[in-house]
There are 2 protein chains.
Amino acid sequence: MTREGILFIISAPSGTGKTTLSKELIDFFPQLRQSVSFTTRPMRAGEVNGRDYHFVSRETFDVMVAAGDFAEWAEVHGNRYGTALETLENARRGGFDLLLDIDCQGAAQIRKSYNRGVFIFILPPSFEELQKRLEGRKTDSPDVIGRRILNARTEVREAVWYDYIVVNEDLSVASANLKSILRAEGCRRERVLPPIAERFGISMEE
Amino acid sequence: MTREGILFIISAPSGTGKTTLSKELIDFFPQLRQSVSFTTRPMRAGEVNGRDYHFVSRETFDVMVAAGDFAEWAEVHGNRYGTALETLENARRGGFDLLLDIDCQGAAQIRKSYNRGVFIFILPPSFEELQKRLEGRKTDSPDVIGRRILNARTEVREAVWYDYIVVNEDLSVASANLKSILRAEGCRRERVLPPIAERFGISMEE
C-alpha cells in the first residue's frame, strides 16, 4: 500500500516566477502532476482537451456548480474556471501528488471546501525588485505594471495563512526550497505511518 | 533580522543509522550544530569539555536539576546526562539550528518541557533488516542483538507522535529526505514571516 497523494497549492503575485518554478517541480518529481481545471472558455489552437483544461459548456459548468462539484471556481473576463473535487480526490486515492497554481481567493476556497492540501506562497524579494522584473519582461505597459504592483501589495497580505513561504530572490534557491517542501511533506508522520504501521506493529493512536 | 534557530530532535532504534545520518546533516548545513549535553560521567581521553559534553560534578548536576535547568535528563549506568534549556534557548535566539540525537524518553521530555522543536523518527526498513545490520557490525553478541531488537520493537511504537518519519532503507534517500525536512522547516510561514512581515506590510494576524 502506497501513501495517499498530496495536494500542493501554490500562489504568488504576478511576476514572482511561479510558472517557471512550477514547471521545474513537475519535471523533477515523477509522481507529481499539474491539476487540470474545468473552463468554459473556448479551446485555442494547440490546446488539448483534458491536458490543458477540461473544456465544457457554460450549461455543464453551471450544473457542476449547482451540484457542488467544485473545490473552487471563479469567473474571469466572462469565462468560468474551476477545480473539481473529483480531480483532487482521484489524485489523493490514486497516490499521485497534484500541483495547483491558483490565486489566493481560489486557494482560500480550497482550504475551506476541501480541508486538505499544503499551501505554499511565493514572495518576491521586494516590491521594487518585482517592479524591475515586470519592466524587464517588456510585455506590460507602465499602467499594467502599476496595477500588478498594487495587486501584489494586496495579495502578499494573504501569505499569513499559508503553510510555507518561499522568497524567490535566487531562482535556484527558491526551486531547491520548493523541492524540499514537497519531499518533506511526503515524510510527515501522518502520511508515512498509515501504509506501514501494521508492518511495525504500531497502533495509529497517539 | 534573521529567523529564530530551529531545534531538530532525532530518535531511532539502535542500528538504524542515526549517527551516520546526523553527521551528514551537520556537515551539510552550515547553520546547524550538534547540541552539547551535560554529563556527570568522567571525561575520556580525546574528549573536549564543551565540545563532546559539558562535564560537571554530580553536585552541580543535581543543583541544575533542582533549579529546573534541564529540558530533559536521565541516568544511564550510574551517570547522569541532560540537555540544558539554556542550550536550546541560546540557539533559538542566536538564529542557529540545533540537532539533538536522543532516545524517545528524552524526546518526549523535551516536547513537554520545551514545547518547541521538530521531531524526526528514523525507522529501519524492517526488524529483519535491522537484525541483519546489527549482526553485520560484528560488535554485539547474539544476546545483545536480541535485546536491541526487542528494544526496537518497543521504541518504534513511539513514532506515532513524531512530526516526521524517515525510513532508512537506502542511506542516500534517507539522507536526502532528512535534508529536505530541515530545509522545508526553515520555509514554514511562522518562521519566514516574522523577520520580513514589516518589509511587505503584512500583519501577523491571520
# chains A, B, ... in the order shown; residues from 1 in each chain; ligands from 1

$ residues_around --residues "Gly106 (chain A)" --least-positions-apart "5" --cutoff "8 Å" --atoms "only C-alpha atoms" --output "JSON, numbers by chain"
{"A": [72, 73, 74]}

$ write_last_selection --atoms "C-alpha atoms" --output "PDB file, in the first residue's frame"
ATOM      1  CA  GLU A  72     -13.174  26.287  -6.113  1.00  0.00           C
ATOM      2  CA  TRP A  73     -14.360  28.250  -9.122  1.00  0.00           C
ATOM      3  CA  ALA A  74     -14.273  31.818 -10.392  1.00  0.00           C
TER       4      ALA A  74
END

$ residues_around --residues "region 161-177 of chain B" --least-positions-apart "2" --cutoff "8 Å" --atoms "only C-alpha atoms" --output "JSON, numbers by chain"
{"A": [183, 184, 187, 188, 189, 192, 193, 206], "B": [16, 17, 21, 24, 25, 118, 119, 120, 121, 122, 123, 124, 125, 158, 159, 179, 180, 181]}

$ write_last_selection --atoms "C-alpha atoms" --output "PDB file, in the first residue's frame"
ATOM      1  CA  ARG A 183       9.758  15.971  -0.364  1.00  0.00           C
ATOM      2  CA  ALA A 184       9.466  16.745   3.356  1.00  0.00           C
ATOM      3  CA  CYS A 187       7.800  12.278   5.184  1.00  0.00           C
ATOM      4  CA  ARG A 188       5.181  13.651   7.563  1.00  0.00           C
ATOM      5  CA  ARG A 189       4.236  11.024  10.100  1.00  0.00           C
ATOM      6  CA  VAL A 192       4.192   7.698   6.283  1.00  0.00           C
ATOM      7  CA  LEU A 193       2.638   5.677   9.087  1.00  0.00           C
ATOM      8  CA  GLU A 206      -1.098   8.645  19.728  1.00  0.00           C
TER       9      GLU A 206
ATOM     10  CA  THR B  16      19.102   2.364  12.228  1.00  0.00           C
ATOM     11  CA  GLY B  17      21.900   4.641  11.000  1.00  0.00           C
ATOM     12  CA  LEU B  21      22.776  10.431   9.073  1.00  0.00           C
ATOM     13  CA  GLU B  24      25.835  14.138   7.195  1.00  0.00           C
ATOM     14  CA  LEU B  25      23.363  16.796   8.295  1.00  0.00           C
ATOM     15  CA  VAL B 118      10.803  19.373  15.068  1.00  0.00           C
ATOM     16  CA  PHE B 119      10.661  15.682  15.982  1.00  0.00           C
ATOM     17  CA  ILE B 120      12.010  13.166  13.479  1.00  0.00           C
ATOM     18  CA  PHE B 121      11.928   9.397  13.875  1.00  0.00           C
ATOM     19  CA  ILE B 122      14.149   7.135  11.781  1.00  0.00           C
ATOM     20  CA  LEU B 123      12.782   3.665  11.122  1.00  0.00           C
ATOM     21  CA  PRO B 124      14.677   0.660   9.799  1.00  0.00           C
ATOM     22  CA  PRO B 125      13.064  -0.893   6.694  1.00  0.00           C
ATOM     23  CA  GLU B 158       6.721   5.958  19.868  1.00  0.00           C
ATOM     24  CA  ALA B 159       6.978   7.018  16.207  1.00  0.00           C
ATOM     25  CA  LYS B 179      17.945  17.389   4.407  1.00  0.00           C
ATOM     26  CA  SER B 180      14.601  18.241   2.821  1.00  0.00           C
ATOM     27  CA  ILE B 181      12.885  18.200   6.194  1.00  0.00           C
TER      28      ILE B 181
END

$ residues_around --residues "Ile26 (chain B)" --least-positions-apart "4" --cutoff "12 Å" --atoms "only C-alpha atoms" --output "PDB file with C-alpha atoms, in the first residue's frame"
ATOM      1  CA  PHE B   8      15.628  19.244  15.399  1.00  0.00           C
ATOM      2  CA  THR B  19      24.748   8.565  13.835  1.00  0.00           C
ATOM      3  CA  THR B  20      25.814   8.422  10.168  1.00  0.00           C
ATOM      4  CA  LEU B  21      22.776  10.431   9.073  1.00  0.00           C
ATOM      5  CA  SER B  22      23.232  13.055  11.801  1.00  0.00           C
ATOM      6  CA  PRO B  30      26.471  25.493   7.964  1.00  0.00           C
ATOM      7  CA  GLN B  31      23.896  26.889  10.384  1.00  0.00           C
ATOM      8  CA  LEU B  32      23.314  23.519  12.105  1.00  0.00           C
ATOM      9  CA  ARG B  33      25.172  22.474  15.252  1.00  0.00           C
ATOM     10  CA  GLN B  34      25.089  19.361  17.373  1.00  0.00           C
ATOM     11  CA  SER B  35      23.584  20.012  20.788  1.00  0.00           C
ATOM     12  CA  PHE B  96      21.353  28.774  14.545  1.00  0.00           C
ATOM     13  CA  ASP B  97      19.709  25.370  14.301  1.00  0.00           C
ATOM     14  CA  LEU B  98      20.386  22.588  16.760  1.00  0.00           C
ATOM     15  CA  LEU B  99      20.481  18.841  16.183  1.00  0.00           C
ATOM     16  CA  LEU B 100      19.762  16.629  19.146  1.00  0.00           C
ATOM     17  CA  ASP B 101      20.114  12.830  18.921  1.00  0.00           C
ATOM     18  CA  SER B 175      19.785  11.500   3.915  1.00  0.00           C
ATOM     19  CA  LEU B 178      16.303  14.479   6.214  1.00  0.00           C
ATOM     20  CA  LYS B 179      17.945  17.389   4.407  1.00  0.00           C
ATOM     21  CA  LEU B 182      15.440  20.556   7.714  1.00  0.00           C
TER      22      LEU B 182
END

$ atom_distance --atom1 "CA of Ser11 (chain B)" --atom2 "CA of Gly95 (chain A)"
27.9 Å

$ closest_residue --among "B:Glu135, B:Asp69, B:Glu155, B:Glu128" --to "Tyr114 (chain B)" --atoms "only C-alpha atoms"
B:Asp69

$ atom_distance --atom1 "CA of Gly50 (chain B)" --atom2 "CA of Thr83 (chain B)"
12.6 Å

$ atom_distance --atom1 "CA of Lys138 (chain A)" --atom2 "CA of Lys23 (chain A)"
21.9 Å

$ closest_residue --among "A:Ala84, A:Val160, A:Ala12, A:Ala108" --to "Val65 (chain A)" --atoms "only C-alpha atoms"
A:Ala84

$ select_by_dssp --residues "region 56-126 of chain B" --states "strand (DSSP E or B)" --output "NGL selection string"
:B and (70-76 or 79-84 or 97-101 or 118-123)

$ closest_residue --among "A:Gly68, A:Asn115, A:Pro13, A:Asp52" --to "Ile149 (chain A)" --atoms "only C-alpha atoms"
A:Pro13
